[in-house]
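The structure file start-v2.pdb is reproduced below (PDB, C-alpha atoms).
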```pdb
ATOM      1  CA  MET A   1     -98.328  15.195   9.447
ATOM      2  CA  ARG A   2     -98.163  12.259   7.059
ATOM      3  CA  MET A   3     -98.175  14.667   4.089
ATOM      4  CA  THR A   4     -95.050  16.529   5.160
ATOM      5  CA  VAL A   5     -92.536  17.009   2.351
ATOM      6  CA  THR A   6     -89.678  16.098   4.656
ATOM      7  CA  GLY A   7     -90.363  12.369   4.320
ATOM      8  CA  PRO A   8     -92.549   9.755   2.690
ATOM      9  CA  PRO A   9     -95.923   8.737   4.145
ATOM     10  CA  THR A  10     -95.292   6.318   6.974
ATOM     11  CA  THR A  11     -98.399   4.204   6.463
ATOM     12  CA  THR A  12     -99.615   2.575   3.265
ATOM     13  CA  VAL A  13    -103.171   1.287   3.206
ATOM     14  CA  LEU A  14    -105.319   0.343   0.244
ATOM     15  CA  PRO A  15    -108.864   0.823   1.544
ATOM     16  CA  VAL A  16    -110.370  -1.617  -0.927
ATOM     17  CA  LEU A  17    -113.324  -2.535   1.256
ATOM     18  CA  THR A  18    -114.377   1.070   1.770
ATOM     19  CA  GLU A  19    -115.399   1.162  -1.918
ATOM     20  CA  CYS A  20    -117.048  -2.207  -1.588
ATOM     21  CA  CYS A  21    -119.456  -4.115  -1.231
ATOM     22  CA  SER A  22    -122.904  -5.465  -0.755
ATOM     23  CA  PRO A  23    -122.968  -8.399   1.684
ATOM     24  CA  VAL A  24    -122.701 -11.857   0.138
ATOM     25  CA  VAL A  25    -126.080 -12.927   1.512
ATOM     26  CA  GLY A  26    -129.017 -10.702   0.622
ATOM     27  CA  GLN A  27    -129.009  -9.277  -2.864
ATOM     28  CA  VAL A  28    -126.862 -11.147  -5.373
ATOM     29  CA  ILE A  29    -123.326  -9.775  -5.171
ATOM     30  CA  THR A  30    -122.037  -8.121  -8.354
ATOM     31  CA  PRO A  31    -119.011  -9.588 -10.161
ATOM     32  CA  ALA A  32    -117.002  -6.451  -9.327
ATOM     33  CA  ASP A  33    -117.848  -6.648  -5.626
ATOM     34  CA  ALA A  34    -117.098 -10.377  -5.630
ATOM     35  CA  ASP A  35    -113.650  -9.641  -7.088
ATOM     36  CA  THR A  36    -112.899  -7.017  -4.445
ATOM     37  CA  LEU A  37    -114.157  -9.088  -1.542
ATOM     38  CA  ALA A  38    -112.355 -12.226  -2.764
ATOM     39  CA  SER A  39    -109.083 -10.277  -2.949
ATOM     40  CA  SER A  40    -109.416  -9.192   0.671
ATOM     41  CA  LEU A  41    -110.393 -12.673   1.830
ATOM     42  CA  LYS A  42    -107.421 -14.172  -0.052
ATOM     43  CA  ALA A  43    -105.111 -11.950   1.965
ATOM     44  CA  ILE A  44    -106.137 -13.711   5.183
ATOM     45  CA  ALA A  45    -106.959 -17.133   3.683
ATOM     46  CA  ASP A  46    -103.458 -18.365   4.411
ATOM     47  CA  PRO A  47    -102.246 -20.028   7.622
ATOM     48  CA  THR A  48     -99.052 -17.993   7.895
ATOM     49  CA  ARG A  49    -100.838 -14.693   7.330
ATOM     50  CA  LEU A  50    -103.521 -15.575   9.882
ATOM     51  CA  ARG A  51    -100.776 -16.295  12.399
ATOM     52  CA  LEU A  52     -99.007 -13.025  11.560
ATOM     53  CA  VAL A  53    -102.230 -11.043  12.064
ATOM     54  CA  SER A  54    -102.796 -12.870  15.343
ATOM     55  CA  LEU A  55     -99.205 -12.319  16.507
ATOM     56  CA  VAL A  56     -99.226  -8.611  15.650
ATOM     57  CA  ALA A  57    -102.570  -8.092  17.422
ATOM     58  CA  ALA A  58    -101.352  -9.949  20.525
ATOM     59  CA  HIS A  59     -97.953  -8.244  20.632
ATOM     60  CA  GLU A  60     -96.998  -5.613  23.193
ATOM     61  CA  ASP A  61     -98.603  -2.277  22.239
ATOM     62  CA  GLN A  62    -100.428  -4.222  19.475
ATOM     63  CA  GLU A  63     -97.617  -3.612  17.031
ATOM     64  CA  ALA A  64     -94.646  -5.674  15.938
ATOM     65  CA  CYS A  65     -91.686  -5.478  13.607
ATOM     66  CA  VAL A  66     -90.639  -8.247  11.275
ATOM     67  CA  CYS A  67     -87.852  -8.956  13.767
ATOM     68  CA  ASP A  68     -90.507  -9.999  16.317
ATOM     69  CA  LEU A  69     -92.318 -12.304  13.887
ATOM     70  CA  THR A  70     -89.774 -14.497  12.122
ATOM     71  CA  GLU A  71     -89.073 -16.762  15.091
ATOM     72  CA  PRO A  72     -92.722 -17.423  16.070
ATOM     73  CA  VAL A  73     -93.714 -18.431  12.530
ATOM     74  CA  GLY A  74     -90.419 -20.212  11.811
ATOM     75  CA  LEU A  75     -89.859 -18.565   8.438
ATOM     76  CA  SER A  76     -87.126 -16.390   6.944
ATOM     77  CA  GLN A  77     -87.348 -12.613   7.144
ATOM     78  CA  PRO A  78     -87.879 -12.195   3.356
ATOM     79  CA  THR A  79     -90.753 -14.692   3.461
ATOM     80  CA  VAL A  80     -92.358 -13.004   6.462
ATOM     81  CA  SER A  81     -91.892  -9.585   4.821
ATOM     82  CA  HIS A  82     -93.614 -10.905   1.683
ATOM     83  CA  HIS A  83     -96.636 -12.055   3.693
ATOM     84  CA  LEU A  84     -96.720  -8.769   5.629
ATOM     85  CA  LYS A  85     -96.689  -6.822   2.349
ATOM     86  CA  ILE A  86     -99.777  -8.724   1.169
ATOM     87  CA  LEU A  87    -101.551  -7.908   4.446
ATOM     88  CA  VAL A  88    -100.602  -4.217   4.181
ATOM     89  CA  GLU A  89    -101.763  -4.013   0.551
ATOM     90  CA  ALA A  90    -105.090  -5.545   1.583
ATOM     91  CA  GLY A  91    -105.510  -2.945   4.314
ATOM     92  CA  ILE A  92    -105.404  -5.544   7.103
ATOM     93  CA  LEU A  93    -102.187  -4.200   8.649
ATOM     94  CA  SER A  94    -100.646  -0.742   8.594
ATOM     95  CA  ARG A  95     -96.889  -0.303   8.228
ATOM     96  CA  GLU A  96     -94.807   2.448   9.726
ATOM     97  CA  GLN A  97     -91.075   2.823   9.126
ATOM     98  CA  ARG A  98     -89.119   3.865  12.210
ATOM     99  CA  GLY A  99     -85.390   3.971  11.746
ATOM    100  CA  ARG A 100     -84.132   0.573  10.680
ATOM    101  CA  TRP A 101     -87.368  -1.354  11.179
ATOM    102  CA  ALA A 102     -90.894  -1.216   9.875
ATOM    103  CA  TYR A 103     -93.599  -1.692  12.491
ATOM    104  CA  TYR A 104     -96.900  -3.377  11.735
ATOM    105  CA  ARG A 105    -100.220  -2.804  13.426
ATOM    106  CA  LEU A 106    -103.655  -4.354  12.908
ATOM    107  CA  ILE A 107    -106.349  -2.180  11.324
ATOM    108  CA  PRO A 108    -109.295  -3.685  13.210
ATOM    109  CA  SER A 109    -111.944  -2.138  10.941
ATOM    110  CA  SER A 110    -110.637  -4.190   8.017
ATOM    111  CA  LEU A 111    -111.529  -7.448   9.751
ATOM    112  CA  THR A 112    -114.799  -6.003  11.041
ATOM    113  CA  ASP A 113    -115.702  -5.030   7.451
ATOM    114  CA  LEU A 114    -114.825  -8.483   6.131
ATOM    115  CA  ALA A 115    -116.851 -10.157   8.879
ATOM    116  CA  ARG A 116    -119.838  -7.908   8.186
ATOM    117  CA  LEU A 117    -119.778  -8.649   4.454
ATOM    118  CA  ILE A 118    -119.821 -12.436   4.918
ATOM    119  CA  THR A 119    -122.361 -12.510   7.774
ATOM    120  CA  PRO A 120    -125.761 -13.843   6.619
TER     121      PRO A 120
ATOM    122  CA  MET B   1    -133.922 -39.990   8.613
ATOM    123  CA  ARG B   2    -130.537 -39.337   7.025
ATOM    124  CA  MET B   3    -129.165 -42.543   8.551
ATOM    125  CA  THR B   4    -131.781 -44.807   6.926
ATOM    126  CA  VAL B   5    -130.287 -47.897   5.290
ATOM    127  CA  THR B   6    -132.630 -47.505   2.313
ATOM    128  CA  GLY B   7    -130.486 -44.806   0.750
ATOM    129  CA  PRO B   8    -127.315 -42.779   1.113
ATOM    130  CA  PRO B   9    -127.154 -39.648   3.249
ATOM    131  CA  THR B  10    -128.557 -36.780   1.225
ATOM    132  CA  THR B  11    -126.330 -34.088   2.696
ATOM    133  CA  THR B  12    -122.553 -34.090   3.000
ATOM    134  CA  VAL B  13    -121.015 -31.537   5.317
ATOM    135  CA  LEU B  14    -117.525 -31.409   6.771
ATOM    136  CA  PRO B  15    -118.017 -29.405   9.958
ATOM    137  CA  VAL B  16    -114.425 -28.233  10.092
ATOM    138  CA  LEU B  17    -115.164 -25.065  12.017
ATOM    139  CA  THR B  18    -117.046 -26.860  14.769
ATOM    140  CA  GLU B  19    -113.715 -28.390  15.892
ATOM    141  CA  CYS B  20    -112.031 -25.041  15.518
ATOM    142  CA  CYS B  21    -110.869 -22.371  16.534
ATOM    143  CA  SER B  22    -109.800 -19.562  18.760
ATOM    144  CA  PRO B  23    -110.471 -16.177  17.147
ATOM    145  CA  VAL B  24    -107.600 -14.625  15.190
ATOM    146  CA  VAL B  25    -107.468 -11.569  17.444
ATOM    147  CA  GLY B  26    -107.072 -12.244  21.147
ATOM    148  CA  GLN B  27    -104.786 -15.104  22.057
ATOM    149  CA  VAL B  28    -102.265 -16.073  19.377
ATOM    150  CA  ILE B  29    -103.930 -18.599  17.070
ATOM    151  CA  THR B  30    -102.294 -22.039  17.008
ATOM    152  CA  PRO B  31    -100.777 -23.346  13.754
ATOM    153  CA  ALA B  32    -103.448 -26.087  13.627
ATOM    154  CA  ASP B  33    -106.303 -23.622  14.062
ATOM    155  CA  ALA B  34    -104.730 -21.308  11.485
ATOM    156  CA  ASP B  35    -104.654 -24.210   9.005
ATOM    157  CA  THR B  36    -108.310 -25.051   9.602
ATOM    158  CA  LEU B  37    -109.507 -21.477   9.441
ATOM    159  CA  ALA B  38    -107.416 -20.716   6.338
ATOM    160  CA  SER B  39    -108.960 -23.738   4.579
ATOM    161  CA  SER B  40    -112.466 -22.459   5.246
ATOM    162  CA  LEU B  41    -111.584 -18.912   4.209
ATOM    163  CA  LYS B  42    -109.992 -20.218   0.981
ATOM    164  CA  ALA B  43    -113.291 -21.845   0.073
ATOM    165  CA  ILE B  44    -114.955 -18.429  -0.134
ATOM    166  CA  ALA B  45    -111.890 -16.384  -1.135
ATOM    167  CA  ASP B  46    -112.767 -16.758  -4.798
ATOM    168  CA  PRO B  47    -115.001 -14.458  -6.871
ATOM    169  CA  THR B  48    -116.941 -17.276  -8.534
ATOM    170  CA  ARG B  49    -117.589 -19.079  -5.261
ATOM    171  CA  LEU B  50    -118.694 -15.863  -3.566
ATOM    172  CA  ARG B  51    -121.156 -15.327  -6.409
ATOM    173  CA  LEU B  52    -122.401 -18.924  -6.148
ATOM    174  CA  VAL B  53    -122.994 -18.559  -2.406
ATOM    175  CA  SER B  54    -124.804 -15.285  -3.039
ATOM    176  CA  LEU B  55    -126.909 -16.751  -5.875
ATOM    177  CA  VAL B  56    -127.896 -19.835  -3.871
ATOM    178  CA  ALA B  57    -128.866 -17.716  -0.848
ATOM    179  CA  ALA B  58    -130.925 -15.324  -2.996
ATOM    180  CA  HIS B  59    -132.616 -18.080  -5.014
ATOM    181  CA  GLU B  60    -136.248 -19.071  -4.565
ATOM    182  CA  ASP B  61    -136.625 -21.216  -1.429
ATOM    183  CA  GLN B  62    -132.940 -20.395  -0.734
ATOM    184  CA  GLU B  63    -131.793 -23.419  -2.692
ATOM    185  CA  ALA B  64    -130.601 -23.915  -6.245
ATOM    186  CA  CYS B  65    -129.419 -26.668  -8.526
ATOM    187  CA  VAL B  66    -126.371 -26.399 -10.755
ATOM    188  CA  CYS B  67    -128.839 -25.911 -13.635
ATOM    189  CA  ASP B  68    -129.886 -22.586 -12.038
ATOM    190  CA  LEU B  69    -126.317 -21.374 -11.591
ATOM    191  CA  THR B  70    -124.382 -21.920 -14.820
ATOM    192  CA  GLU B  71    -126.004 -19.087 -16.756
ATOM    193  CA  PRO B  72    -125.681 -16.385 -14.030
ATOM    194  CA  VAL B  73    -121.974 -17.059 -13.541
ATOM    195  CA  GLY B  74    -121.304 -17.713 -17.241
ATOM    196  CA  LEU B  75    -119.328 -20.907 -16.680
ATOM    197  CA  SER B  76    -119.720 -24.521 -17.782
ATOM    198  CA  GLN B  77    -121.596 -27.007 -15.641
ATOM    199  CA  PRO B  78    -118.455 -29.018 -14.777
ATOM    200  CA  THR B  79    -116.691 -25.842 -13.647
ATOM    201  CA  VAL B  80    -119.653 -24.720 -11.553
ATOM    202  CA  SER B  81    -119.959 -28.228 -10.077
ATOM    203  CA  HIS B  82    -116.272 -28.124  -9.142
ATOM    204  CA  HIS B  83    -116.732 -24.835  -7.273
ATOM    205  CA  LEU B  84    -119.897 -26.127  -5.574
ATOM    206  CA  LYS B  85    -118.014 -29.235  -4.424
ATOM    207  CA  ILE B  86    -115.386 -27.052  -2.729
ATOM    208  CA  LEU B  87    -118.142 -25.096  -0.953
ATOM    209  CA  VAL B  88    -119.861 -28.307   0.186
ATOM    210  CA  GLU B  89    -116.588 -29.795   1.451
ATOM    211  CA  ALA B  90    -115.958 -26.605   3.439
ATOM    212  CA  GLY B  91    -119.411 -26.850   5.008
ATOM    213  CA  ILE B  92    -120.583 -23.581   3.428
ATOM    214  CA  LEU B  93    -123.293 -25.246   1.322
ATOM    215  CA  SER B  94    -125.242 -28.458   1.815
ATOM    216  CA  ARG B  95    -126.018 -30.723  -1.128
ATOM    217  CA  GLU B  96    -129.097 -32.878  -1.535
ATOM    218  CA  GLN B  97    -129.645 -35.199  -4.487
ATOM    219  CA  ARG B  98    -133.233 -35.245  -5.765
ATOM    220  CA  GLY B  99    -133.754 -37.304  -8.872
ATOM    221  CA  ARG B 100    -131.542 -36.047 -11.664
ATOM    222  CA  TRP B 101    -130.331 -32.892  -9.946
ATOM    223  CA  ALA B 102    -128.435 -32.014  -6.800
ATOM    224  CA  TYR B 103    -129.783 -29.058  -4.880
ATOM    225  CA  TYR B 104    -127.567 -26.701  -2.905
ATOM    226  CA  ARG B 105    -128.475 -24.657   0.133
ATOM    227  CA  LEU B 106    -126.507 -22.216   2.273
ATOM    228  CA  ILE B 107    -125.532 -23.346   5.778
ATOM    229  CA  PRO B 108    -125.726 -19.896   7.399
ATOM    230  CA  SER B 109    -123.900 -20.950  10.578
ATOM    231  CA  SER B 110    -120.761 -21.618   8.532
ATOM    232  CA  LEU B 111    -120.496 -17.977   7.506
ATOM    233  CA  THR B 112    -121.488 -16.808  10.983
ATOM    234  CA  ASP B 113    -118.681 -18.954  12.430
ATOM    235  CA  LEU B 114    -116.144 -17.585   9.950
ATOM    236  CA  ALA B 115    -117.218 -14.015  10.659
ATOM    237  CA  ARG B 116    -116.980 -14.584  14.408
ATOM    238  CA  LEU B 117    -113.477 -16.030  14.160
ATOM    239  CA  ILE B 118    -112.082 -13.065  12.190
ATOM    240  CA  THR B 119    -113.879 -10.340  14.178
ATOM    241  CA  PRO B 120    -111.458  -8.390  16.429
TER     242      PRO B 120
END
```

Representation of the structure as structure tokens:
Amino acid sequence: MRMTVTGPPTTTVLPVLTECCSPVVGQVITPADADTLASSLKAIADPTRLRLVSLVAAHEDQEACVCDLTEPVGLSQPTVSHHLKILVEAGILSREQRGRWAYYRLIPSSLTDLARLITP
Amino acid sequence: MRMTVTGPPTTTVLPVLTECCSPVVGQVITPADADTLASSLKAIADPTRLRLVSLVAAHEDQEACVCDLTEPVGLSQPTVSHHLKILVEAGILSREQRGRWAYYRLIPSSLTDLARLITP
């Protein structure tokens, strides 16, 4: 359905961690894997983005639009949209456009993958 | 032993995560917890620091001095020491001075705590 020619794909996810990585503790991580894993960790290593992930996951139906998120984090819509874009590009959240608003949803496997890769 | 008045403590650890946090997914994380957790994640959200953690954990006796680490990461000793300091301050590594060199060791519970807090 997402490949229909009548509209663009509704969800954009870069599955960076599916190509990656050996865990940090065990064998020595390669520079390439360290780059990939650091990029994903950077996406959530920010207080606002952690709160956005937490808010989206706790929201009704586990999805939220930017209109639901600006007030709780106390930031402007462009700033919140910027943070959400980083989370989508890192594969932490999915984004689906519905009419006027884009709706965001947690991709739980992304956090499970990150947790697994840093667990000793 | 570490409190003896005959010398300084040999290990410096800021146990930031022991005062923190609710997991990201579940209840909405508080701004204070998000700050604390983001600080810890930032410490490892860097390719060089991920490689240093991995090298220390994989090293003989699971400890390494800065002299063991400069060549594998291809950086100067001051730069490596700077990254190690960030990891010690975040409670990821412990540091023990022995004679001329400081020796670093992974604190596995720090990574276990981080993994637990980001696991959905």

Explicit residues for the PyMOL selection byres ((chain B) within 6 of (chain A)) (as a PyMOL selection string): chain B and resi 24-25+28+34-35+38+41-42+45-47+54-55+111-112+115+119

Tell me, in Å to one decimal, how far CA of Ala90 in chain B is from CA of Glu71 in chain B. 23.8 Å

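Reported to one decimal place, the separation of CA of Asp68 in chain A from CA of Tyr104 in chain A is 10.3 Å.
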
Using all atoms listed in the file, list the residues that have an atom at most 9 Å from (-90.1, -5.4, 15.7), coordinates as in the file, as a PyMOL selection string. chain A and resi 63-69+101-104

Gap from CA of Leu87 in chain A to CA of Cys21 in chain B - Å, one decimal: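 If I compute the distance from CA of Leu87 in chain A to CA of Cys21 in chain B, I get 21.0 Å.
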
Enclose all atoms of range 25-41 of chain B listed in the file in an axis-aligned box, grow every side by 3 Å, and hand back centre and edge lengths in Å to one decimal, as lines of an AutoDock Vina configuration file.
```
center_x = -106.6
center_y = -18.8
center_z = 13.1
size_x = 17.7
size_y = 20.5
size_z = 23.8
```

Kindly add N, CA, C and O atoms to the incomplete range 25-48 of chain A and provide the output as a PDB file, in the frame of the given file.
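Contents of the output file result.pdb:
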```
ATOM      1  N   VAL A  25    -124.734 -12.378   1.365  1.00  0.00           N
ATOM      2  CA  VAL A  25    -126.080 -12.927   1.512  1.00  0.00           C
ATOM      3  C   VAL A  25    -127.068 -11.767   1.603  1.00  0.00           C
ATOM      4  O   VAL A  25    -126.941 -10.895   2.461  1.00  0.00           O
ATOM      5  N   GLY A  26    -128.020 -11.775   0.713  1.00  0.00           N
ATOM      6  CA  GLY A  26    -129.017 -10.702   0.622  1.00  0.00           C
ATOM      7  C   GLY A  26    -129.309 -10.537  -0.851  1.00  0.00           C
ATOM      8  O   GLY A  26    -129.806 -11.460  -1.495  1.00  0.00           O
ATOM      9  N   GLN A  27    -128.957  -9.392  -1.415  1.00  0.00           N
ATOM     10  CA  GLN A  27    -129.009  -9.277  -2.864  1.00  0.00           C
ATOM     11  C   GLN A  27    -127.837 -10.058  -3.458  1.00  0.00           C
ATOM     12  O   GLN A  27    -126.829 -10.277  -2.777  1.00  0.00           O
ATOM     13  N   VAL A  28    -127.967 -10.431  -4.726  1.00  0.00           N
ATOM     14  CA  VAL A  28    -126.862 -11.147  -5.373  1.00  0.00           C
ATOM     15  C   VAL A  28    -125.683 -10.189  -5.549  1.00  0.00           C
ATOM     16  O   VAL A  28    -125.841  -9.087  -6.068  1.00  0.00           O
ATOM     17  N   ILE A  29    -124.524 -10.610  -5.098  1.00  0.00           N
ATOM     18  CA  ILE A  29    -123.326  -9.775  -5.171  1.00  0.00           C
ATOM     19  C   ILE A  29    -122.924  -9.584  -6.638  1.00  0.00           C
ATOM     20  O   ILE A  29    -123.047 -10.492  -7.452  1.00  0.00           O
ATOM     21  N   THR A  30    -122.458  -8.390  -6.981  1.00  0.00           N
ATOM     22  CA  THR A  30    -122.037  -8.121  -8.354  1.00  0.00           C
ATOM     23  C   THR A  30    -120.674  -8.773  -8.606  1.00  0.00           C
ATOM     24  O   THR A  30    -119.900  -8.995  -7.659  1.00  0.00           O
ATOM     25  N   PRO A  31    -120.352  -9.054  -9.869  1.00  0.00           N
ATOM     26  CA  PRO A  31    -119.011  -9.588 -10.161  1.00  0.00           C
ATOM     27  C   PRO A  31    -117.898  -8.688  -9.660  1.00  0.00           C
ATOM     28  O   PRO A  31    -116.896  -9.177  -9.130  1.00  0.00           O
ATOM     29  N   ALA A  32    -118.067  -7.371  -9.776  1.00  0.00           N
ATOM     30  CA  ALA A  32    -117.002  -6.451  -9.327  1.00  0.00           C
ATOM     31  C   ALA A  32    -116.826  -6.530  -7.809  1.00  0.00           C
ATOM     32  O   ALA A  32    -115.693  -6.582  -7.302  1.00  0.00           O
ATOM     33  N   ASP A  33    -117.942  -6.537  -7.082  1.00  0.00           N
ATOM     34  CA  ASP A  33    -117.848  -6.648  -5.626  1.00  0.00           C
ATOM     35  C   ASP A  33    -117.267  -8.000  -5.220  1.00  0.00           C
ATOM     36  O   ASP A  33    -116.495  -8.091  -4.251  1.00  0.00           O
ATOM     37  N   ALA A  34    -117.639  -9.049  -5.941  1.00  0.00           N
ATOM     38  CA  ALA A  34    -117.098 -10.377  -5.630  1.00  0.00           C
ATOM     39  C   ALA A  34    -115.587 -10.396  -5.820  1.00  0.00           C
ATOM     40  O   ALA A  34    -114.852 -10.992  -5.019  1.00  0.00           O
ATOM     41  N   ASP A  35    -115.101  -9.724  -6.863  1.00  0.00           N
ATOM     42  CA  ASP A  35    -113.650  -9.641  -7.088  1.00  0.00           C
ATOM     43  C   ASP A  35    -112.955  -8.942  -5.919  1.00  0.00           C
ATOM     44  O   ASP A  35    -111.925  -9.403  -5.417  1.00  0.00           O
ATOM     45  N   THR A  36    -113.516  -7.804  -5.519  1.00  0.00           N
ATOM     46  CA  THR A  36    -112.899  -7.017  -4.445  1.00  0.00           C
ATOM     47  C   THR A  36    -112.898  -7.788  -3.129  1.00  0.00           C
ATOM     48  O   THR A  36    -111.873  -7.868  -2.434  1.00  0.00           O
ATOM     49  N   LEU A  37    -114.049  -8.360  -2.801  1.00  0.00           N
ATOM     50  CA  LEU A  37    -114.157  -9.088  -1.542  1.00  0.00           C
ATOM     51  C   LEU A  37    -113.267 -10.332  -1.542  1.00  0.00           C
ATOM     52  O   LEU A  37    -112.605 -10.635  -0.538  1.00  0.00           O
ATOM     53  N   ALA A  38    -113.210 -11.034  -2.681  1.00  0.00           N
ATOM     54  CA  ALA A  38    -112.355 -12.226  -2.764  1.00  0.00           C
ATOM     55  C   ALA A  38    -110.885 -11.855  -2.564  1.00  0.00           C
ATOM     56  O   ALA A  38    -110.137 -12.584  -1.908  1.00  0.00           O
ATOM     57  N   SER A  39    -110.475 -10.714  -3.119  1.00  0.00           N
ATOM     58  CA  SER A  39    -109.083 -10.277  -2.949  1.00  0.00           C
ATOM     59  C   SER A  39    -108.750 -10.064  -1.476  1.00  0.00           C
ATOM     60  O   SER A  39    -107.672 -10.459  -1.004  1.00  0.00           O
ATOM     61  N   SER A  40    -109.661  -9.427  -0.760  1.00  0.00           N
ATOM     62  CA  SER A  40    -109.416  -9.192   0.671  1.00  0.00           C
ATOM     63  C   SER A  40    -109.413 -10.498   1.452  1.00  0.00           C
ATOM     64  O   SER A  40    -108.590 -10.694   2.355  1.00  0.00           O
ATOM     65  N   LEU A  41    -110.340 -11.388   1.127  1.00  0.00           N
ATOM     66  CA  LEU A  41    -110.393 -12.673   1.830  1.00  0.00           C
ATOM     67  C   LEU A  41    -109.140 -13.497   1.554  1.00  0.00           C
ATOM     68  O   LEU A  41    -108.606 -14.164   2.434  1.00  0.00           O
ATOM     69  N   LYS A  42    -108.644 -13.428   0.298  1.00  0.00           N
ATOM     70  CA  LYS A  42    -107.421 -14.172  -0.052  1.00  0.00           C
ATOM     71  C   LYS A  42    -106.243 -13.738   0.818  1.00  0.00           C
ATOM     72  O   LYS A  42    -105.366 -14.541   1.140  1.00  0.00           O
ATOM     73  N   ALA A  43    -106.226 -12.449   1.164  1.00  0.00           N
ATOM     74  CA  ALA A  43    -105.111 -11.950   1.965  1.00  0.00           C
ATOM     75  C   ALA A  43    -105.027 -12.656   3.313  1.00  0.00           C
ATOM     76  O   ALA A  43    -103.932 -12.864   3.842  1.00  0.00           O
ATOM     77  N   ILE A  44    -106.176 -13.029   3.879  1.00  0.00           N
ATOM     78  CA  ILE A  44    -106.137 -13.711   5.183  1.00  0.00           C
ATOM     79  C   ILE A  44    -106.384 -15.214   5.067  1.00  0.00           C
ATOM     80  O   ILE A  44    -106.294 -15.924   6.070  1.00  0.00           O
ATOM     81  N   ALA A  45    -106.673 -15.707   3.858  1.00  0.00           N
ATOM     82  CA  ALA A  45    -106.959 -17.133   3.683  1.00  0.00           C
ATOM     83  C   ALA A  45    -105.667 -17.927   3.527  1.00  0.00           C
ATOM     84  O   ALA A  45    -105.486 -18.687   2.577  1.00  0.00           O
ATOM     85  N   ASP A  46    -104.773 -17.733   4.455  1.00  0.00           N
ATOM     86  CA  ASP A  46    -103.458 -18.365   4.411  1.00  0.00           C
ATOM     87  C   ASP A  46    -103.014 -18.564   5.858  1.00  0.00           C
ATOM     88  O   ASP A  46    -103.065 -17.615   6.657  1.00  0.00           O
ATOM     89  N   PRO A  47    -102.573 -19.768   6.217  1.00  0.00           N
ATOM     90  CA  PRO A  47    -102.246 -20.028   7.622  1.00  0.00           C
ATOM     91  C   PRO A  47    -101.164 -19.107   8.181  1.00  0.00           C
ATOM     92  O   PRO A  47    -101.273 -18.625   9.312  1.00  0.00           O
ATOM     93  N   THR A  48    -100.122 -18.860   7.394  1.00  0.00           N
ATOM     94  CA  THR A  48     -99.052 -17.993   7.895  1.00  0.00           C
ATOM     95  C   THR A  48     -99.562 -16.572   8.117  1.00  0.00           C
ATOM     96  O   THR A  48     -99.255 -15.933   9.131  1.00  0.00           O
TER      97      THR A  48
END
```
